[in-house]
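K.L.:
Provided herewith: work_18.pdb, PDB, C-alpha atoms.
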ATOM      1  CA  MET A  17      11.554  -7.036 -27.949
ATOM      2  CA  SER A  18      12.142  -3.402 -26.966
ATOM      3  CA  GLU A  19      11.025  -2.068 -23.607
ATOM      4  CA  ALA A  20       8.685   0.457 -25.283
ATOM      5  CA  MET A  21       6.992  -2.321 -27.279
ATOM      6  CA  GLU A  22       6.587  -4.470 -24.157
ATOM      7  CA  GLU A  23       5.004  -1.531 -22.341
ATOM      8  CA  GLN A  24       2.647  -0.896 -25.286
ATOM      9  CA  ASP A  25       1.608  -4.572 -25.320
ATOM     10  CA  PHE A  26       1.027  -4.394 -21.564
ATOM     11  CA  ILE A  27      -1.191  -1.306 -21.866
ATOM     12  CA  ALA A  28      -3.043  -2.700 -24.893
ATOM     13  CA  SER A  29      -3.824  -5.904 -23.010
ATOM     14  CA  GLY A  30      -5.608  -3.915 -20.282
ATOM     15  CA  GLN A  31      -3.372  -5.287 -17.557
ATOM     16  CA  GLN A  32      -2.042  -3.383 -14.582
ATOM     17  CA  GLU A  33       0.839  -4.359 -12.319
ATOM     18  CA  PHE A  34       0.422  -4.583  -8.555
ATOM     19  CA  LEU A  35       2.861  -5.068  -5.699
ATOM     20  CA  THR A  36       1.567  -7.663  -3.244
ATOM     21  CA  PHE A  37       2.442  -7.596   0.448
ATOM     22  CA  THR A  38       1.382  -9.334   3.632
ATOM     23  CA  LEU A  39      -0.183  -8.046   6.831
ATOM     24  CA  GLY A  40      -0.669 -10.827   9.335
ATOM     25  CA  GLU A  41      -2.298 -13.735   7.496
ATOM     26  CA  GLU A  42      -3.759 -11.549   4.725
ATOM     27  CA  GLU A  43      -2.302 -10.553   1.376
ATOM     28  CA  TYR A  44      -2.871  -7.126  -0.163
ATOM     29  CA  ALA A  45      -2.013  -5.490  -3.484
ATOM     30  CA  ILE A  46      -1.338  -1.881  -4.472
ATOM     31  CA  ASP A  47      -0.657  -0.179  -7.806
ATOM     32  CA  ILE A  48       3.068  -0.660  -8.538
ATOM     33  CA  LEU A  49       3.222   2.803 -10.144
ATOM     34  CA  LYS A  50       2.682   4.357  -6.690
ATOM     35  CA  VAL A  51       5.753   2.567  -5.259
ATOM     36  CA  GLN A  52       8.957   4.592  -5.147
ATOM     37  CA  GLU A  53      11.116   2.064  -3.307
ATOM     38  CA  ILE A  54      11.117  -0.841  -0.879
ATOM     39  CA  ARG A  55      13.468  -0.814   2.099
ATOM     40  CA  GLY A  56      14.029  -2.501   5.411
ATOM     41  CA  TYR A  57      12.357  -1.000   8.451
ATOM     42  CA  ASP A  58      14.440   1.663  10.176
ATOM     43  CA  GLY A  59      13.628   3.412  13.397
ATOM     44  CA  VAL A  60      11.336   6.397  13.070
ATOM     45  CA  THR A  61      11.106   9.647  14.988
ATOM     46  CA  ARG A  62       7.834   9.588  16.918
ATOM     47  CA  ILE A  63       5.583  12.645  16.673
ATOM     48  CA  ALA A  64       3.434  13.514  19.691
ATOM     49  CA  ASN A  65      -0.382  13.377  19.503
ATOM     50  CA  THR A  66      -0.602  11.262  16.356
ATOM     51  CA  PRO A  67      -2.794   8.170  15.989
ATOM     52  CA  ASP A  68      -1.042   4.922  16.968
ATOM     53  CA  TYR A  69      -0.868   3.757  13.330
ATOM     54  CA  ILE A  70       1.243   6.796  12.374
ATOM     55  CA  LYS A  71       4.613   5.598  13.647
ATOM     56  CA  GLY A  72       6.373   8.920  13.069
ATOM     57  CA  VAL A  73       8.676  10.279  10.387
ATOM     58  CA  ILE A  74      11.959   9.392   8.718
ATOM     59  CA  ASN A  75      14.455  11.601   6.925
ATOM     60  CA  MET A  76      14.938  10.076   3.498
ATOM     61  CA  ARG A  77      17.610  11.911   1.537
ATOM     62  CA  GLY A  78      16.480  15.265   2.930
ATOM     63  CA  VAL A  79      12.728  14.595   2.602
ATOM     64  CA  ILE A  80      10.702  14.184   5.808
ATOM     65  CA  VAL A  81       8.465  11.159   5.204
ATOM     66  CA  PRO A  82       5.511  10.225   7.444
ATOM     67  CA  VAL A  83       5.369   6.493   8.212
ATOM     68  CA  VAL A  84       2.115   4.534   8.629
ATOM     69  CA  ASP A  85       2.074   1.035  10.135
ATOM     70  CA  MET A  86      -0.556  -0.710   8.018
ATOM     71  CA  ARG A  87      -0.867  -3.565  10.537
ATOM     72  CA  LEU A  88      -2.146  -1.087  13.114
ATOM     73  CA  LYS A  89      -4.245   0.842  10.587
ATOM     74  CA  PHE A  90      -6.042  -2.283   9.352
ATOM     75  CA  HIS A  91      -6.055  -4.019  12.779
ATOM     76  CA  VAL A  92      -4.318  -7.140  11.440
ATOM     77  CA  GLY A  93      -1.448  -8.984  12.983
ATOM     78  CA  GLU A  94       0.887  -8.025  15.764
ATOM     79  CA  ALA A  95       3.063  -4.975  15.116
ATOM     80  CA  THR A  96       6.449  -6.565  15.736
ATOM     81  CA  TYR A  97       9.533  -5.115  14.113
ATOM     82  CA  ASN A  98      12.224  -7.536  12.996
ATOM     83  CA  GLN A  99      14.581  -8.170  10.079
ATOM     84  CA  PHE A 100      11.625  -9.176   7.863
ATOM     85  CA  THR A 101       9.593  -5.987   8.467
ATOM     86  CA  VAL A 102       9.511  -3.887   5.304
ATOM     87  CA  MET A 103       8.793  -0.246   4.554
ATOM     88  CA  ILE A 104       7.235   0.546   1.185
ATOM     89  CA  ILE A 105       7.882   4.152   0.151
ATOM     90  CA  LEU A 106       4.978   5.523  -1.870
ATOM     91  CA  ASN A 107       4.965   8.486  -4.217
ATOM     92  CA  LEU A 108       1.426   9.884  -4.146
ATOM     93  CA  GLY A 109       1.387  12.968  -6.320
ATOM     94  CA  ALA A 110       3.229  15.668  -4.394
ATOM     95  CA  ARG A 111       3.546  13.544  -1.248
ATOM     96  CA  VAL A 112       5.961  10.801  -0.202
ATOM     97  CA  VAL A 113       4.629   8.409   2.468
ATOM     98  CA  GLY A 114       6.107   5.272   4.003
ATOM     99  CA  MET A 115       4.026   2.269   4.972
ATOM    100  CA  VAL A 116       5.171  -0.579   7.202
ATOM    101  CA  VAL A 117       4.109  -4.114   6.235
ATOM    102  CA  ASP A 118       5.086  -7.617   7.323
ATOM    103  CA  GLY A 119       6.682  -8.456   3.983
ATOM    104  CA  VAL A 120       6.586  -7.901   0.240
ATOM    105  CA  SER A 121       5.453 -10.905  -1.790
ATOM    106  CA  ASP A 122       5.504 -10.363  -5.538
ATOM    107  CA  VAL A 123       4.648  -8.164  -8.498
ATOM    108  CA  VAL A 124       1.603  -9.443 -10.391
ATOM    109  CA  ALA A 125      -0.103  -8.338 -13.611
ATOM    110  CA  LEU A 126      -3.892  -8.352 -13.422
ATOM    111  CA  ASP A 127      -6.635  -7.734 -15.931
ATOM    112  CA  ALA A 128      -9.378  -5.374 -14.784
ATOM    113  CA  GLU A 129     -11.950  -8.197 -15.033
ATOM    114  CA  GLN A 130      -9.940 -10.312 -12.568
ATOM    115  CA  ILE A 131     -10.650  -7.782  -9.816
ATOM    116  CA  ARG A 132     -14.029  -8.564  -8.249
ATOM    117  CA  PRO A 133     -15.917  -5.855  -6.331
ATOM    118  CA  ALA A 134     -15.578  -5.918  -2.550
ATOM    119  CA  PRO A 135     -18.725  -7.148  -0.802
ATOM    120  CA  GLU A 136     -20.835  -4.571   1.023
ATOM    121  CA  PHE A 137     -20.641  -4.828   4.794
ATOM    122  CA  GLY A 138     -22.823  -1.845   5.619
ATOM    123  CA  ALA A 139     -21.668   0.578   8.300
ATOM    124  CA  ALA A 140     -19.833  -2.182  10.212
ATOM    125  CA  LEU A 141     -16.804  -2.051   7.888
ATOM    126  CA  ASP A 142     -15.469   0.783   5.749
ATOM    127  CA  THR A 143     -14.637  -0.632   2.309
ATOM    128  CA  GLN A 144     -14.160   2.670   0.470
ATOM    129  CA  TYR A 145     -10.388   2.035   0.199
ATOM    130  CA  ILE A 146     -10.776  -1.481  -1.215
ATOM    131  CA  LYS A 147     -10.799  -1.628  -5.025
ATOM    132  CA  GLY A 148     -11.728  -5.276  -4.990
ATOM    133  CA  LEU A 149     -10.646  -8.868  -4.449
ATOM    134  CA  VAL A 150      -8.608 -11.171  -6.650
ATOM    135  CA  SER A 151      -8.521 -14.940  -6.402
ATOM    136  CA  MET A 152      -4.995 -16.122  -7.167
ATOM    137  CA  GLU A 153      -4.292 -19.862  -7.070
ATOM    138  CA  ASP A 154      -5.187 -20.884  -3.501
ATOM    139  CA  ARG A 155      -5.358 -17.409  -1.955
ATOM    140  CA  MET A 156      -7.466 -14.257  -1.936
ATOM    141  CA  VAL A 157      -5.702 -10.909  -2.438
ATOM    142  CA  ILE A 158      -7.280  -7.616  -1.329
ATOM    143  CA  VAL A 159      -6.615  -4.800  -3.820
ATOM    144  CA  VAL A 160      -6.277  -1.478  -1.976
ATOM    145  CA  ASP A 161      -6.708   1.999  -3.465
ATOM    146  CA  ILE A 162      -3.602   3.198  -1.633
ATOM    147  CA  GLU A 163      -3.750   6.756  -2.915
ATOM    148  CA  ARG A 164      -7.331   7.168  -1.737
ATOM    149  CA  LEU A 165      -6.439   5.708   1.681
ATOM    150  CA  MET A 166      -3.270   7.717   2.251
ATOM    151  CA  THR A 167      -4.771  11.011   1.103
ATOM    152  CA  SER A 168      -7.985  10.631   3.100
ATOM    153  CA  GLN A 169      -8.802  13.244   5.736
ATOM    154  CA  GLU A 170      -8.884  10.497   8.382
ATOM    155  CA  MET A 171      -5.185   9.736   7.809
ATOM    156  CA  GLY A 172      -4.241  13.379   8.376
ATOM    157  CA  LEU A 173      -1.453  13.158   5.798
ATOM    158  CA  VAL A 174      -3.034  15.568   3.310
ATOM    159  CA  ASP A 175      -1.190  18.815   2.797
ATOM    160  CA  ALA A 176      -3.190  22.000   2.586
ATOM    161  CA  VAL A 177      -1.510  22.465  -0.812
ATOM    162  CA  ALA A 178      -2.450  18.966  -2.019
ATOM    163  CA  SER A 179      -6.082  19.312  -0.984
ATOM    164  CA  ALA A 180      -6.528  22.772  -2.502
TER
END
What is this file in structure tokens?

P.N.:
Amino acid sequence: MSEAMEEQDFIASGQQEFLTFTLGEEEYAIDILKVQEIRGYDGVTRIANTPDYIKGVINMRGVIVPVVDMRLKFHVGEATYNQFTVMIILNLGARVVGMVVDGVSDVVALDAEQIRPAPEFGAALDTQYIKGLVSMEDRMVIVVDIERLMTSQEMGLVDAVASA
């Protein structure tokens, strides 16, 4: 079967592919189309006066890429850096952003109806970046709207050009 036909079948079936990754004991998923590459964690250049979850920047083939440690952002797990720590490079429109996670798990295809809405927690927990939850075998996966999170004003990664 040709690649174009497989892609058409995939789109016709209403499925979407997600990259799953771990943060502490939790598993998360993001739209695979936002992922540019996956690489091992390299040291970053720290930038003064940034929130603790913004680790700094890296120079990736001439592009300065801000790096966010998702463990610190989501307050899950200990932020230890070892040979298993992974950096997912995201392509979000005109912006390239790196995110540090504990590990990458898998690529999964999900139907829209498999994604259940996130429960409301009121003002105690901000769920605006959570698309929903998926029950997969014996685990629960949190589906994150990574573009919405990374381009939010709170993250401070939005260019004046991108927000105009």

K.L.:
Considering all atoms listed in the file, tabulate each residue of segment 46-106 of chain A that lies at most 10 Å from segment 140-162 of chain A along with its nearest interatomic pair and the corresponding distance in Å to one decimal; arrange the rows by chain and ascending residue number and present them as CSV.

P.N.:
residue,atom,partner,partner_atom,distance
A:Ile46,CA,A:Val160,CA,5.5
A:Asp47,CA,A:Ile162,CA,7.6
A:Lys50,CA,A:Ile162,CA,8.1
A:Leu106,CA,A:Ile162,CA,8.9

K.L.:
Those selected residues, please, written with C-alpha atoms and delivered as a PDB file, in the coordinates of the input.

P.N.:
ATOM      1  CA  ILE A  46      -1.338  -1.881  -4.472  1.00  0.00           C
ATOM      2  CA  ASP A  47      -0.657  -0.179  -7.806  1.00  0.00           C
ATOM      3  CA  LYS A  50       2.682   4.357  -6.690  1.00  0.00           C
ATOM      4  CA  LEU A 106       4.978   5.523  -1.870  1.00  0.00           C
TER       5      LEU A 106
END

K.L.:
So how many Å separate atom CA of Leu39 of chain A and atom CA of Asp118 of chain A, to one decimal?

P.N.:
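Rounded to one decimal, the two atoms are 5.3 Å apart.
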
K.L.:
Mind pulling up the distance from atom CA of Ala125 of chain A to atom CA of Ala45 of chain A?

P.N.:
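Interatomic distance, atom CA of Ala45 of chain A to atom CA of Ala125 of chain A: 10.7 Å.
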
K.L.:
Tell me, as a PDB file with C-alpha atoms, in the frame of the given file, which residues lie within 6 Å of segment 90-100 of chain A, counting all atoms listed in the file; anything in the same chain fewer than 3 positions away does not count.

P.N.:
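To be explicit, this is the file written out as around20.pdb:
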ATOM      1  CA  GLY A  40      -0.669 -10.827   9.335  1.00  0.00           C
ATOM      2  CA  MET A  86      -0.556  -0.710   8.018  1.00  0.00           C
ATOM      3  CA  ARG A  87      -0.867  -3.565  10.537  1.00  0.00           C
TER       4      ARG A  87
END

K.L.:
Report as a ChimeraX atom specification the residues that result from applying the PyMOL selection byres ((chain A and resi 120) around 9) to the structure here.

P.N.:
/A:35-38,54,101-102,104,117-119,121-123

K.L.:
Given the file shown, determine the residues that the PyMOL selection byres ((chain A and resi 62-78) around 12) selects; report them as a PyMOL selection string.

P.N.:
chain A and resi 52-53+55+57-61+79-92+95+97+103+105+112-117+166+170-173

K.L.:
For the atom pair atom CA of Leu108 of chain A and atom CA of Glu41 of chain A, what is the interatomic distance in Å to one decimal place?

P.N.:
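Going from atom CA of Leu108 of chain A over to atom CA of Glu41 of chain A, I get 26.6 Å.
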
K.L.:
With all atoms listed in the file as the counted atoms, please give the residues lying no more than 9 Å from Leu126 of chain A, apart from itself and same-chain residues fewer than 4 positions off, as a PyMOL selection string.

P.N.:
chain A and resi 30-34+130-131+150
